[in-house]
Each structure stands twice: as C-alpha cells, then as structure tokens.
Number of protein chains: 2
Amino acid sequence: MKELTIGIDVGGTSAKIGLVDEKGKIQKKTEVKTLKVNNWKQIINEYLKPIDQWLAEGINVNGIGIGTPGFINKKTGELNNAANLPGLLNAPFVDYLKDKYKIPVIADNDATCAAVGEHIFGAGKRYKDFLMVTIGTGIGGGLILNDRVYRGADGYAGELGHIIVVAEGRGCTCGNRGCIEAYSSATAIIKRVRDGIKKGYITTYDKVDPKKIDAKLIFDKAQTGDPYSLEAVESAARYLGRVLGGIVNLLNIESIIIGGGVAAAGNFFIEKIRFYLVQVAWYSLTHNLKIIPAELLNDAGIIGAAALLFEENL
Amino acid sequence: MKELTIGIDVGGTSAKIGLVDEKGKIQKKTEVKTLKVNNWKQIINEYLKPIDQWLAEGINVNGIGIGTPGFINKKTGELNNAANLPGLLNAPFVDYLKDKYKIPVIADNDATCAAVGEHIFGAGKRYKDFLMVTIGTGIGGGLILNDRVYRGADGYAGELGHIIVVAEGRGCTCGNRGCIEAYSSATAIIKRVRDGIKKGYITTYDKVDPKKIDAKLIFDKAQTGDPYSLEAVESAARYLGRVLGGIVNLLNIESIIIGGGVAAAGNFFIEKIRFYLVQVAWYSLTHNLKIIPAELLNDAGIIGAAALLFEENL
C-alpha cells in the first residue's frame with residue numbers, strides 16, 4: 001500500500017496536520033488546537049489524536065515532519081526562541097515521537113520547512129541554491145545550498161528577519177532595533193499605514209475601519225496607484241531589497257523565492273524588491289538572479305514539514 | 001619522489017609562486033613581475049619560467065592552484081572584475097595551463113584561496129563552517145560550508161566587501177555608495193586618519209609624514225590609547241561588526257577568521273569587532289561563535305592557491 005508522510009505545521013493557536021503523498025499532494029488534513037498548558041506531552045498528545053486515528057484506519061505512514069515557529073536546535077532537537085509556543089519550549093518532542101511510532105521524525109523551523117517544501121515540490125525544484133524568504137507577521141528564511149538545506153552550526157541558519165537594516169532604527173519585537181522585520185513584514189507595512197491615519201494624514205482609508213486594514217487591502221490599493229499605500233509598499237521593498245542585495249553579494253545564489261502572506265501580491269511586490277536589490281548588489285550576481293513567488297500556498301506549512309523527510313532521503 | 005603542488009598568488013604588480021608540500025609548507029618560492037602588457041599569454045608565460053625550471057630540475061608537481069584578485073567565473077574559468085589585472089581579464093589561462101602541463105589546474109579569487117588555505121592548513125581546520133574575511137586594501141571574503149568551499153551559482157560567493165552597511169553612504173571604489181569596504185578596510189582607516197589631519201585636527205601625528213601613516217601605525221597608536229587613532233579603529237570595527245552580525249544571523253556559522261594586513265593587529269581588533277557584532281546578532285548564534293585571527297600569514301596567498309587542489313581531493 002502507498003506510503004504517506006505526516007506533516008505537522010505547528011502554530012501558537014493550532015496545528016495543521018496532513019498526510020502528504022510522494023508528489024507533495026495532501027491526501028487528508030485536519031486542524032488541532034494548541035492547548036494553552038504548561039505540559040508539552042499534553043500539547044503533543046492532542047496533535048497525535050488524528051494521527052492515531054489514521055494509523056488505526058490502516059494508513060501506511062513512513063515518517064513525521066514538524067514545522068514550528070522559533071528555532072529547532074539541530075543538536076538537541078528541541079525548540080528554542082518561540083515566544084508564542086511557551087508550552088513546547090525546550091521539550092524533547094522529536095525523541096518522544098520517534099519512541100512512540102518507531103519511524104523517522106524531523107522537526108525544523110517553519111521557514112526552513114517552506115524552503116524544503118519549495119525545493120522538493122515547488123518553485124525551488126529548478127535551483128541548486130536559493131534563499132526562501134517568508135513575509136507575513138514576521139520575516140523568516142531558509143537556505144538551500146548545493147541542493148541541500150543548510151542549517152549552520154546549531155540549525156538556525158536562514159533566519160534573516162533580524163538582520164539589521166537601519167542602525168539604531170525602529171524597535172523590533174526581538175528587543176533589538178533596526179531589524180528588517182520591523183520594516184518589511186506585513187505587520188510593519190500595516191503599522192505604517194495605520195500610524196499615518198492616526199496622525200490625521202488625508203488618505204483613501206477614511207471610510208475603512210482601521211482594524212480592517214490588512215496587507216491585502218494595502219497591496220490592492222497600491223496596485224491601483226494609491227500614493228499613500230504605494231509609499232508603504234515601496235518602503236518595505238526598499239529595505240528588503242537592501243538586505244537581500246547584501247545576501248546575494250555574499251552567497252551568489254541563483255534564486256530568491258518569496259513566500260508567506262505578502263507573497264500573494266506576487267510580481268507587483270517582487271518587481272519592487274528587484275528594483276532596489278539591483279542597486280546594492282554586484283551586477284555580475286544579479287543579471288541571472290531569479291526572484292520568484294512561492295508555488296506552495298495554503299498548505300505550504302504541512303507540505304514543507306512533510307518535505308523534511310523527503311529531503312533527508314534525497 | 002614526493003609530490004608538490006604549485007601555488008601562484010597573482011597580484012597587479014607581481015605574482016608570488018611557490019612549491020607547497022602536503023603539510024602546507026613552502027619548499028621553494030619566488031616572485032615574478034606581472035608584465036604590463038595587453039597579452040595574457042605573455043603575462044602567464046612570464047609566471048611559468050620558474051615553474052618550467054623546477055620541472056626541468058625533476059621536481060614532481062601534481063597540480064597548480066592560482067589565486068587572483070577579482071572573480072573567477074566557475075563556469076568559464078575566466079577572470080572577471082579585476083581592475084588591477086587588465087591583461088588577464090576574460091583570459092582562458094586555466095585551460096591553457098591544463099593543456100600545457102596535463103595536470104589539474106584550479107583558479108579562484110584570492111580571498112576564497114585564503115579561506116581554503118585556512119581550512120586545510122590553518123585556523124579553519126577545526127571548523128565545518130566558517131567565513132573568512134580578508135581586510136587589507138579592500139575587504140574580501142570566502143565561505144567554507146559543510147567542510148567545502150561554497151562558490152555559489154557563478155563562483156563569486158563570499159565577496160562581502162561590497163555589502164552596503166550605510167545606505168547612500170561613503171563612495172566606494174566599486175562605484176556604489178556605503179559598501180563595508182569604504183568603512184573598514186585598511187584604506188578606509190588610513191583615509192579617515194589622514195583626512196582629519198588635513199582638516200587641521202590636533203592629533204599625535206603632527207611629527208609623522210602623512211604618507212607614512214599606515215594601518216600598523218594607527219593600530220599601534222590605538223593600542224596605546226591614542227584617542228584619535230582609537231576612534232578610527234573603533235569606527236571600522238563598528239561597521240564591520242554590523243555586517244558580520246547580519247551574516248552570523250543568516251548563516252549560523254561556527255567561526256569567523258580574520259585575515260589580511262589588518263589581521264596583524266590580532267585580538268585587539270577582533271575583540272572590538274566582537275563587541276559590535278554581538279549587539280546585532282541573535283544571542284543564540286554568538287555564544288559559541290569563535291572569531292579568530294588567520295594562522296597563515298606572509299605566504300597565505302601561495303599556500304591558499306595550492307590548497308585549492310587539496311580541497312578538491314578532500
């Protein structure tokens with residue numbers, strides 16, 4: 001019988017769990033609450049309920065991949081620095097699952113999962129070396145170098161969201177100042193637009209409930225030429241282009257894949273990022289550089305987590 | 001008979017050429033002028049004179065490694081972007097040497113050679129992943145990732161000197177503005193000190209011929225507490241720490257090795273770089289990070305070029 005791989009996309013509110021086939025298609029999926037308890041086994045056991053049911057139905061499972069916010073330390077397999085997952089911090093859940101199911105279990109940061117998912121099943125199939133950038137509430141990243149995920153010394157490589165783009169610049173959620181996440185994440189773009197409205201700027205948002213201003217609305221308005229929205233998008237692209245241009249200089253990568261919520265704006269945003277990137281990177285390194293949108297969209301988290309197992313067996 | 005490897009360290013004025021043994025020790029070396037002619041074969045043939053003599057003496061040579069300024073395109077094997085080597089630009093000298101001697105020939109950028117040299121024979125032996133930074137007239141770099149040199153799509157990876165550290169900042173020799181090379185190279189440090197003197201600042205340099213102000217003098221004065229010199233060194237370290245902190249966030253490397261002329265200042269400069277780096281990088285990524293001086297000093301260029309062959313056979 002066909003073997004399937006389980007992907008678990010863990011979030012602070014819930015985990016999306018799915019069965020992924022060898023083509024990267026989801027055969028079954030479900031969503032389970034992340035319990036707000038200080039007991040990691042209880043949180044994990046809740047996630048395992050649908051898995052145990054699938055196994056009871058006789059589904060043949062060959063491994064479990066787990067994507068999480070924060071960092072997975074590759075030496076210990078434990079979760080570090082995930083502010084919205086306090087219950088799972090430093091918990092040995094990878095070993096727990098290996099023991100329980102006697103199958104391979106791999107966990108990694110969600111942006112690294114996105115990179116691996118794109119590499120095995122999406123826009124990254126064509127590239128040996130690429131940087132994945134996920135732009136949403138925050139900015140994350142993952143690196144594929146020489147056709148393999150590059151994890152660095154502890155497993156934290158690819159996390160570009162807290163690279164400083166403006167010395168002593170805007171405050172960031174991480175506690176530092178000037179991180180690219182504070183300039184180019186969806187959160188930063190929305191904040192910029194809302195802040196101006198609060199200050200009384202005359203904008204086209206005067207009939208919009210400030211709470212309903214989201215990245216999609218801002219990008220939609222920017223695309224129709226609304227100057228106030230365009231300025232917010234342009235600013236985000238300028239800072240991101242600057243950081244990505246530095247990374248292109250350093251790594252001479254073939255491609256940058258843009259994923260996450262903001263990626264839905266597609267080429268409109270990507271062309272702006274490219275415009276600023278080429279101003280700061282060496283020409284020799286950019287004339288063949290492809291900047292492209294991610295291909296795995298809604299279920300990227302589940303597929304990316306499952307793809308960790310496929311990557312291991314490449 | 002013992003086999004030796006030839007290392008050629010090409011520069012705009014001369015090439016240093018040596019015979020390197022399997023322990024990275026130089027058995028013989030010489031220096032040959034880089035002819036100022038617009039004929040690449042003539043320049044190369046001049047370099048080959050001592051080599052042909054060594055071969056005539058019966059020395060057993062197993063390969064030739066060549067380090068050059070600029071970029072070696074890994075697809076074509078040709079030299080790009082080397083302003084001070086116009087005669088060798090876009091010349092197929094690697095193929096020419098392979099044809100002539102029927103032995104392996106590899107060329108790469110001099111900072112990449114420095115990285116490979118440190119990895120095989122020097123301070124990088126202990127590390128699977130590290131960034132080499134060479135600080136002298138300019139700033140160069142090379143990357144060892146997963147125990148191999150990482151060259152990127154075209155062979156240009158590691159070149160961090162033109163990463164922008166200040167948007168629209170100081171003019172750089174590359175034509176762009178704000179590159180780290182314009183802030184933290186020996187040239188930049190010397191320029192800062194000389195410029196202040198020209199402006200009439202009261203300094204401890206009043207009895208020094210401005211032409212004799214070099215990086216060594218500035219670092220020596222800084223180490224004894226001279227505030228004007230210290231400010232120049234501190235500024236260079238601050239900008240460099242900022243760029244390196246971003247790279248640490250991105251790559252989660254184990255170590256940074258500092259080489260080039262400025263590296264002679266050793267731990268004095270390195271401790272300052274670390275001071276600024278830890279302010280911009282994630283704590284989790286810096287507490288195990290080693291920043292150390294290069295071990296191969298005077299003959300690093302020859303040994304690094306020869307090491308390209310050793311790296312290939314790892």
# chains A, B, ... in the order shown; residues from 1 in each chain; ligands from 1
call {"tool": "select_by_dssp", "arguments": {"residues": "stretch 101-227 of chain B", "states": "helix (DSSP H, G or I)", "output": "PyMOL selection string"}}
result
chain B and resi 101+110-121+181-184+186-198+210-212+215-223+227
call {"tool": "residues_around", "arguments": {"residues": "A:Gly178", "least_positions_apart": "3", "cutoff": "6 Å", "atoms": "only C-alpha atoms", "output": "ChimeraX atom specification"}}
result
/A:164-170
call {"tool": "closest_residue", "arguments": {"among": "B:Val243, B:Pro86, B:Ile258, B:Leu48", "to": "B:Ala111", "atoms": "only C-alpha atoms"}}
result
B:Ile258
call {"tool": "closest_atom_pairs", "arguments": {"of": "chain A", "to": "chain B", "cutoff": "6 Å", "atoms": "only C-alpha atoms", "output": "JSON lines"}}
result
{"residue": "A:Gly152", "atom": "CA", "partner": "B:Asn252", "partner_atom": "CA", "distance": 4.8}
{"residue": "A:Ala153", "atom": "CA", "partner": "B:Glu254", "partner_atom": "CA", "distance": 5.6}
{"residue": "A:Tyr156", "atom": "CA", "partner": "B:Asn252", "partner_atom": "CA", "distance": 5.9}
{"residue": "A:Ala157", "atom": "CA", "partner": "B:Leu251", "partner_atom": "CA", "distance": 4.5}
{"residue": "A:Gly158", "atom": "CA", "partner": "B:Leu250", "partner_atom": "CA", "distance": 4.8}
{"residue": "A:Glu159", "atom": "CA", "partner": "B:Leu250", "partner_atom": "CA", "distance": 5.4}
{"residue": "A:Leu160", "atom": "CA", "partner": "B:Leu250", "partner_atom": "CA", "distance": 5.3}
{"residue": "A:Ile163", "atom": "CA", "partner": "B:Gly246", "partner_atom": "CA", "distance": 4.8}
{"residue": "A:Gly246", "atom": "CA", "partner": "B:Ile163", "partner_atom": "CA", "distance": 4.8}
{"residue": "A:Leu250", "atom": "CA", "partner": "B:Gly158", "partner_atom": "CA", "distance": 4.8}
{"residue": "A:Leu251", "atom": "CA", "partner": "B:Ala157", "partner_atom": "CA", "distance": 4.5}
{"residue": "A:Asn252", "atom": "CA", "partner": "B:Gly152", "partner_atom": "CA", "distance": 4.8}
{"residue": "A:Ile253", "atom": "CA", "partner": "B:Gly152", "partner_atom": "CA", "distance": 5.6}
{"residue": "A:Glu254", "atom": "CA", "partner": "B:Ala153", "partner_atom": "CA", "distance": 5.6}
call {"tool": "residues_around", "arguments": {"residues": "B:Lys36", "least_positions_apart": "3", "cutoff": "9 Å", "atoms": "only C-alpha atoms", "output": "number ranges by chain"}}
result
B: 12-13, 33, 39, 43, 85-87
call {"tool": "write_last_selection", "arguments": {"atoms": "C-alpha atoms", "output": "PDB file, in the first residue's frame"}}
result
ATOM      1  CA  GLY B  12      48.763  43.593 -10.102  1.00  0.00           C
ATOM      2  CA  THR B  13      52.497  44.202  -9.575  1.00  0.00           C
ATOM      3  CA  LYS B  33      56.678  40.581 -12.271  1.00  0.00           C
ATOM      4  CA  ASN B  39      48.576  39.925 -23.989  1.00  0.00           C
ATOM      5  CA  ILE B  43      51.883  37.578 -18.707  1.00  0.00           C
ATOM      6  CA  LEU B  85      44.831  42.942 -13.785  1.00  0.00           C
ATOM      7  CA  PRO B  86      43.537  44.270 -17.114  1.00  0.00           C
ATOM      8  CA  GLY B  87      45.841  41.997 -19.107  1.00  0.00           C
TER       9      GLY B  87
END
call {"tool": "calpha_fit_and_write", "arguments": {"fixed": "chain A", "moving": "chain B", "output": "CSV table (one decimal) with C-alpha atoms, in the first residue's frame"}}
result
chain,number,residue,atom,x,y,z
B,1,MET,CA,0.0,0.0,0.0
B,2,LYS,CA,1.2,3.5,-0.8
B,3,GLU,CA,3.2,5.2,2.0
B,4,LEU,CA,2.3,8.7,3.1
B,5,THR,CA,4.2,11.2,5.2
B,6,ILE,CA,2.7,13.2,8.0
B,7,GLY,CA,3.3,17.0,8.1
B,8,ILE,CA,2.5,19.0,11.2
B,9,ASP,CA,2.6,22.7,10.9
B,10,VAL,CA,2.6,23.9,14.5
B,11,GLY,CA,1.3,27.4,15.4
B,12,GLY,CA,0.5,29.2,18.6
B,13,THR,CA,-3.2,28.8,18.1
B,14,SER,CA,-3.5,25.5,16.3
B,15,ALA,CA,-1.5,22.9,14.3
B,16,LYS,CA,-2.4,21.9,10.8
B,17,ILE,CA,-1.8,18.2,10.3
B,18,GLY,CA,-1.9,16.4,7.0
B,19,LEU,CA,-1.0,13.3,5.1
B,20,VAL,CA,1.3,14.0,2.1
B,21,ASP,CA,1.9,11.7,-0.8
B,22,GLU,CA,5.1,11.3,-2.8
B,23,LYS,CA,4.1,14.0,-5.2
B,24,GLY,CA,3.6,16.6,-2.4
B,25,LYS,CA,-0.2,16.4,-2.6
B,26,ILE,CA,-2.3,16.4,0.6
B,27,GLN,CA,-4.4,13.3,0.9
B,28,LYS,CA,-6.1,14.2,4.2
B,29,LYS,CA,-5.8,17.1,6.5
B,30,THR,CA,-7.2,18.5,9.8
B,31,GLU,CA,-6.6,21.2,12.3
B,32,VAL,CA,-6.0,20.7,16.0
B,33,LYS,CA,-5.9,23.3,18.8
B,34,THR,CA,-2.6,24.1,20.5
B,35,LEU,CA,-3.6,23.7,24.1
B,36,LYS,CA,-2.6,26.6,26.4
B,37,VAL,CA,-1.0,24.4,29.0
B,38,ASN,CA,2.4,24.2,30.5
B,39,ASN,CA,2.8,20.5,29.7
B,40,TRP,CA,4.4,19.7,26.4
B,41,LYS,CA,3.2,16.0,26.3
B,42,GLN,CA,-0.4,17.2,26.7
B,43,ILE,CA,0.0,19.6,23.7
B,44,ILE,CA,1.7,17.0,21.6
B,45,ASN,CA,-0.8,14.2,22.5
B,46,GLU,CA,-3.6,16.5,21.3
B,47,TYR,CA,-1.9,16.7,17.9
B,48,LEU,CA,-1.5,13.0,17.8
B,49,LYS,CA,-5.2,12.2,18.0
B,50,PRO,CA,-5.9,12.4,14.3
B,51,ILE,CA,-2.6,10.7,13.6
B,52,ASP,CA,-3.5,7.8,15.8
B,53,GLN,CA,-6.9,7.6,14.1
B,54,TRP,CA,-5.3,7.5,10.6
B,55,LEU,CA,-3.0,4.7,11.8
B,56,ALA,CA,-5.9,2.8,13.2
B,57,GLU,CA,-7.6,3.1,9.8
B,58,GLY,CA,-4.5,1.2,8.4
B,59,ILE,CA,-2.9,4.1,6.6
B,60,ASN,CA,0.8,3.4,6.0
B,61,VAL,CA,2.9,6.2,7.4
B,62,ASN,CA,6.7,6.4,6.7
B,63,GLY,CA,7.7,9.5,8.8
B,64,ILE,CA,6.6,12.6,10.5
B,65,GLY,CA,7.9,16.1,9.7
B,66,ILE,CA,7.2,19.0,12.1
B,67,GLY,CA,7.5,22.7,11.3
B,68,THR,CA,7.4,25.2,14.2
B,69,PRO,CA,8.0,28.9,14.8
B,70,GLY,CA,11.2,29.8,16.5
B,71,PHE,CA,14.3,27.7,16.2
B,72,ILE,CA,14.8,23.9,16.4
B,73,ASN,CA,18.3,23.2,17.8
B,74,LYS,CA,19.7,20.6,15.5
B,75,LYS,CA,22.0,19.2,18.2
B,76,THR,CA,19.2,18.7,20.9
B,77,GLY,CA,16.1,18.5,18.6
B,78,GLU,CA,14.5,21.0,21.0
B,79,LEU,CA,12.6,24.2,20.3
B,80,ASN,CA,14.2,27.5,21.3
B,81,ASN,CA,13.1,31.1,21.0
B,82,ALA,CA,9.4,30.6,20.1
B,83,ALA,CA,7.6,33.3,22.0
B,84,ASN,CA,4.1,32.1,21.0
B,85,LEU,CA,4.7,28.4,21.9
B,86,PRO,CA,5.8,28.6,25.6
B,87,GLY,CA,4.4,25.1,26.3
B,88,LEU,CA,6.7,23.4,23.8
B,89,LEU,CA,9.9,25.3,24.6
B,90,ASN,CA,12.9,23.0,25.2
B,91,ALA,CA,10.7,20.0,25.0
B,92,PRO,CA,12.1,16.7,23.6
B,93,PHE,CA,9.1,16.0,21.5
B,94,VAL,CA,11.0,14.7,18.5
B,95,ASP,CA,12.5,11.9,20.6
B,96,TYR,CA,9.1,11.3,22.1
B,97,LEU,CA,7.5,10.8,18.7
B,98,LYS,CA,10.4,8.6,17.5
B,99,ASP,CA,10.0,6.4,20.5
B,100,LYS,CA,6.2,6.2,20.2
B,101,TYR,CA,5.9,5.4,16.5
B,102,LYS,CA,9.3,3.9,15.6
B,103,ILE,CA,9.5,5.9,12.4
B,104,PRO,CA,11.7,8.8,11.4
B,105,VAL,CA,10.7,12.2,12.9
B,106,ILE,CA,12.3,15.5,11.9
B,107,ALA,CA,11.5,19.0,13.1
B,108,ASP,CA,12.6,22.3,11.8
B,109,ASN,CA,11.8,26.0,11.8
B,110,ASP,CA,8.7,26.8,9.6
B,111,ALA,CA,10.6,29.0,7.2
B,112,THR,CA,13.2,26.2,6.7
B,113,CYS,CA,10.2,23.9,6.1
B,114,ALA,CA,8.9,26.3,3.5
B,115,ALA,CA,12.3,26.3,1.8
B,116,VAL,CA,12.5,22.5,1.7
B,117,GLY,CA,8.9,22.3,0.5
B,118,GLU,CA,9.6,24.6,-2.4
B,119,HIS,CA,12.8,22.7,-3.2
B,120,ILE,CA,11.2,19.3,-3.3
B,121,PHE,CA,7.7,20.2,-4.7
B,122,GLY,CA,7.5,23.8,-5.7
B,123,ALA,CA,9.3,26.8,-7.2
B,124,GLY,CA,12.7,25.7,-6.0
B,125,LYS,CA,12.8,22.4,-7.9
B,126,ARG,CA,14.9,24.0,-10.6
B,127,TYR,CA,17.5,25.5,-8.3
B,128,LYS,CA,20.6,24.1,-6.6
B,129,ASP,CA,21.0,27.2,-4.4
B,130,PHE,CA,18.3,29.5,-3.2
B,131,LEU,CA,17.1,31.7,-0.4
B,132,MET,CA,13.5,31.3,0.8
B,133,VAL,CA,12.0,34.4,2.3
B,134,THR,CA,8.7,34.2,4.1
B,135,ILE,CA,7.0,37.5,4.7
B,136,GLY,CA,4.0,37.6,7.0
B,137,THR,CA,3.6,38.6,10.6
B,138,GLY,CA,7.4,38.4,10.8
B,139,ILE,CA,10.1,37.7,8.2
B,140,GLY,CA,11.7,34.2,8.2
B,141,GLY,CA,14.0,32.5,5.8
B,142,GLY,CA,15.6,29.2,4.8
B,143,LEU,CA,18.6,28.3,2.7
B,144,ILE,CA,19.1,25.6,0.2
B,145,LEU,CA,22.7,25.4,-0.8
B,146,ASN,CA,24.2,22.7,-3.1
B,147,ASP,CA,20.8,21.1,-3.3
B,148,ARG,CA,20.5,20.5,0.5
B,149,VAL,CA,19.0,22.5,3.3
B,150,TYR,CA,21.8,24.5,5.0
B,151,ARG,CA,21.3,24.5,8.8
B,152,GLY,CA,24.5,26.0,10.1
B,153,ALA,CA,26.2,25.1,13.4
B,154,ASP,CA,23.1,24.8,15.5
B,155,GLY,CA,20.3,24.6,13.0
B,156,TYR,CA,19.4,28.3,13.0
B,157,ALA,CA,20.7,29.3,9.6
B,158,GLY,CA,18.4,31.2,7.2
B,159,GLU,CA,16.8,33.4,9.8
B,160,LEU,CA,17.2,36.7,8.1
B,161,GLY,CA,14.3,38.6,9.8
B,162,HIS,CA,16.6,40.1,12.4
B,163,ILE,CA,19.4,41.2,10.2
B,164,ILE,CA,19.8,44.9,11.0
B,165,VAL,CA,19.0,47.1,8.0
B,166,VAL,CA,19.0,50.5,9.8
B,167,ALA,CA,21.5,51.0,12.6
B,168,GLU,CA,19.6,52.0,15.8
B,169,GLY,CA,16.4,52.0,13.8
B,170,ARG,CA,12.8,51.0,14.6
B,171,GLY,CA,12.2,48.9,17.6
B,172,CYS,CA,11.7,45.2,16.8
B,173,THR,CA,9.7,42.6,18.7
B,174,CYS,CA,13.0,40.8,19.3
B,175,GLY,CA,14.2,43.6,21.6
B,176,ASN,CA,16.8,44.9,19.2
B,177,ARG,CA,16.5,47.9,16.9
B,178,GLY,CA,16.5,48.2,13.1
B,179,CYS,CA,15.8,44.6,12.1
B,180,ILE,CA,14.4,44.1,8.6
B,181,GLU,CA,11.3,42.5,10.1
B,182,ALA,CA,10.4,45.9,11.6
B,183,TYR,CA,10.5,47.4,8.1
B,184,SER,CA,9.2,44.9,5.6
B,185,SER,CA,6.9,42.4,7.3
B,186,ALA,CA,3.2,42.6,6.8
B,187,THR,CA,2.9,43.8,10.4
B,188,ALA,CA,5.3,46.7,9.6
B,189,ILE,CA,3.5,47.7,6.4
B,190,ILE,CA,0.1,47.7,8.2
B,191,LYS,CA,1.6,49.6,11.1
B,192,ARG,CA,3.0,52.3,8.8
B,193,VAL,CA,-0.4,52.8,7.2
B,194,ARG,CA,-2.4,52.8,10.4
B,195,ASP,CA,0.1,55.2,12.1
B,196,GLY,CA,-0.3,57.8,9.4
B,197,ILE,CA,-4.1,57.6,9.7
B,198,LYS,CA,-3.8,58.1,13.5
B,199,LYS,CA,-1.7,61.1,12.8
B,200,GLY,CA,-4.6,62.5,10.7
B,201,TYR,CA,-3.0,62.2,7.2
B,202,ILE,CA,-5.5,62.6,4.5
B,203,THR,CA,-5.7,59.1,2.9
B,204,THR,CA,-8.1,56.9,0.9
B,205,TYR,CA,-8.7,54.9,4.0
B,206,ASP,CA,-11.1,57.3,5.7
B,207,LYS,CA,-14.1,55.0,5.2
B,208,VAL,CA,-12.2,51.9,6.3
B,209,ASP,CA,-12.3,50.5,9.9
B,210,PRO,CA,-8.6,50.8,11.0
B,211,LYS,CA,-8.8,47.2,12.3
B,212,LYS,CA,-9.7,46.0,8.9
B,213,ILE,CA,-6.7,47.4,7.2
B,214,ASP,CA,-4.6,44.4,6.3
B,215,ALA,CA,-1.7,43.7,3.9
B,216,LYS,CA,-4.1,42.6,1.1
B,217,LEU,CA,-6.0,45.8,1.2
B,218,ILE,CA,-2.8,47.9,1.2
B,219,PHE,CA,-1.3,46.0,-1.7
B,220,ASP,CA,-4.6,46.1,-3.6
B,221,LYS,CA,-4.7,49.9,-3.2
B,222,ALA,CA,-1.0,50.3,-4.0
B,223,GLN,CA,-1.6,48.3,-7.3
B,224,THR,CA,-4.3,50.7,-8.3
B,225,GLY,CA,-1.9,53.6,-7.7
B,226,ASP,CA,-3.0,55.0,-4.4
B,227,PRO,CA,0.1,57.0,-3.4
B,228,TYR,CA,-0.3,56.5,0.4
B,229,SER,CA,-0.4,52.8,0.1
B,230,LEU,CA,2.2,52.7,-2.6
B,231,GLU,CA,4.6,54.6,-0.3
B,232,ALA,CA,4.2,51.9,2.4
B,233,VAL,CA,4.8,49.1,0.0
B,234,GLU,CA,7.7,50.9,-1.7
B,235,SER,CA,9.4,51.4,1.7
B,236,ALA,CA,9.1,47.8,2.6
B,237,ALA,CA,10.5,46.7,-0.7
B,238,ARG,CA,13.4,49.2,-0.5
B,239,TYR,CA,14.6,47.9,2.9
B,240,LEU,CA,14.1,44.3,1.9
B,241,GLY,CA,15.9,44.8,-1.4
B,242,ARG,CA,18.8,46.2,0.5
B,243,VAL,CA,19.1,43.2,2.8
B,244,LEU,CA,18.6,40.7,0.0
B,245,GLY,CA,21.2,42.5,-2.1
B,246,GLY,CA,23.7,42.0,0.6
B,247,ILE,CA,22.8,38.3,0.8
B,248,VAL,CA,23.2,38.0,-3.0
B,249,ASN,CA,26.7,39.5,-2.8
B,250,LEU,CA,27.6,37.1,0.0
B,251,LEU,CA,26.1,33.9,-1.4
B,252,ASN,CA,25.8,34.3,-5.2
B,253,ILE,CA,22.6,32.4,-5.1
B,254,GLU,CA,20.6,31.5,-8.2
B,255,SER,CA,17.2,32.4,-6.9
B,256,ILE,CA,15.2,34.1,-4.2
B,257,ILE,CA,11.7,32.6,-3.5
B,258,ILE,CA,9.3,34.9,-1.8
B,259,GLY,CA,6.6,33.2,0.3
B,260,GLY,CA,4.3,34.0,3.2
B,261,GLY,CA,1.1,36.1,3.2
B,262,VAL,CA,2.7,39.1,1.4
B,263,ALA,CA,3.8,36.9,-1.4
B,264,ALA,CA,0.1,36.8,-2.6
B,265,ALA,CA,0.9,40.2,-4.0
B,266,GLY,CA,3.1,38.3,-6.4
B,267,ASN,CA,5.1,40.1,-9.1
B,268,PHE,CA,3.9,43.6,-8.1
B,269,PHE,CA,5.9,43.3,-4.9
B,270,ILE,CA,8.7,41.2,-6.4
B,271,GLU,CA,9.5,43.7,-9.1
B,272,LYS,CA,9.8,46.4,-6.5
B,273,ILE,CA,12.2,44.3,-4.4
B,274,ARG,CA,14.3,43.6,-7.5
B,275,PHE,CA,14.4,47.3,-8.3
B,276,TYR,CA,16.1,48.1,-5.0
B,277,LEU,CA,18.1,44.9,-4.8
B,278,VAL,CA,20.0,45.5,-8.1
B,279,GLN,CA,21.0,48.9,-6.8
B,280,VAL,CA,23.0,47.3,-4.0
B,281,ALA,CA,24.2,44.0,-5.4
B,282,TRP,CA,27.0,43.4,-7.9
B,283,TYR,CA,25.7,43.4,-11.5
B,284,SER,CA,27.5,40.1,-12.2
B,285,LEU,CA,25.4,38.5,-9.5
B,286,THR,CA,22.0,39.8,-10.4
B,287,HIS,CA,21.7,39.5,-14.2
B,288,ASN,CA,20.9,35.8,-13.9
B,289,LEU,CA,19.2,36.1,-10.5
B,290,LYS,CA,15.6,34.9,-10.4
B,291,ILE,CA,13.3,36.4,-7.8
B,292,ILE,CA,10.0,34.4,-7.9
B,293,PRO,CA,6.9,33.8,-5.9
B,294,ALA,CA,6.5,30.6,-3.8
B,295,GLU,CA,4.3,27.9,-5.5
B,296,LEU,CA,3.0,26.1,-2.4
B,297,LEU,CA,0.4,28.4,-1.0
B,298,ASN,CA,-2.3,27.5,1.6
B,299,ASP,CA,-0.9,24.2,2.6
B,300,ALA,CA,2.8,25.1,2.4
B,301,GLY,CA,3.2,24.5,6.1
B,302,ILE,CA,2.0,20.9,6.0
B,303,ILE,CA,3.8,20.1,2.8
B,304,GLY,CA,7.0,21.7,3.9
B,305,ALA,CA,7.0,19.8,7.2
B,306,ALA,CA,6.5,16.5,5.4
B,307,ALA,CA,9.1,17.5,2.8
B,308,LEU,CA,11.8,17.4,5.6
B,309,LEU,CA,11.6,13.6,5.3
B,310,PHE,CA,11.9,13.7,1.5
B,311,GLU,CA,14.9,16.0,1.7
B,312,GLU,CA,16.6,13.6,4.2
B,313,ASN,CA,16.3,10.8,1.6
B,314,LEU,CA,17.4,12.7,-1.4
call {"tool": "select_by_dssp", "arguments": {"residues": "stretch 175-286 of chain B", "states": "strand (DSSP E or B)", "output": "ChimeraX atom specification"}}
result
/B:177,179,255-259
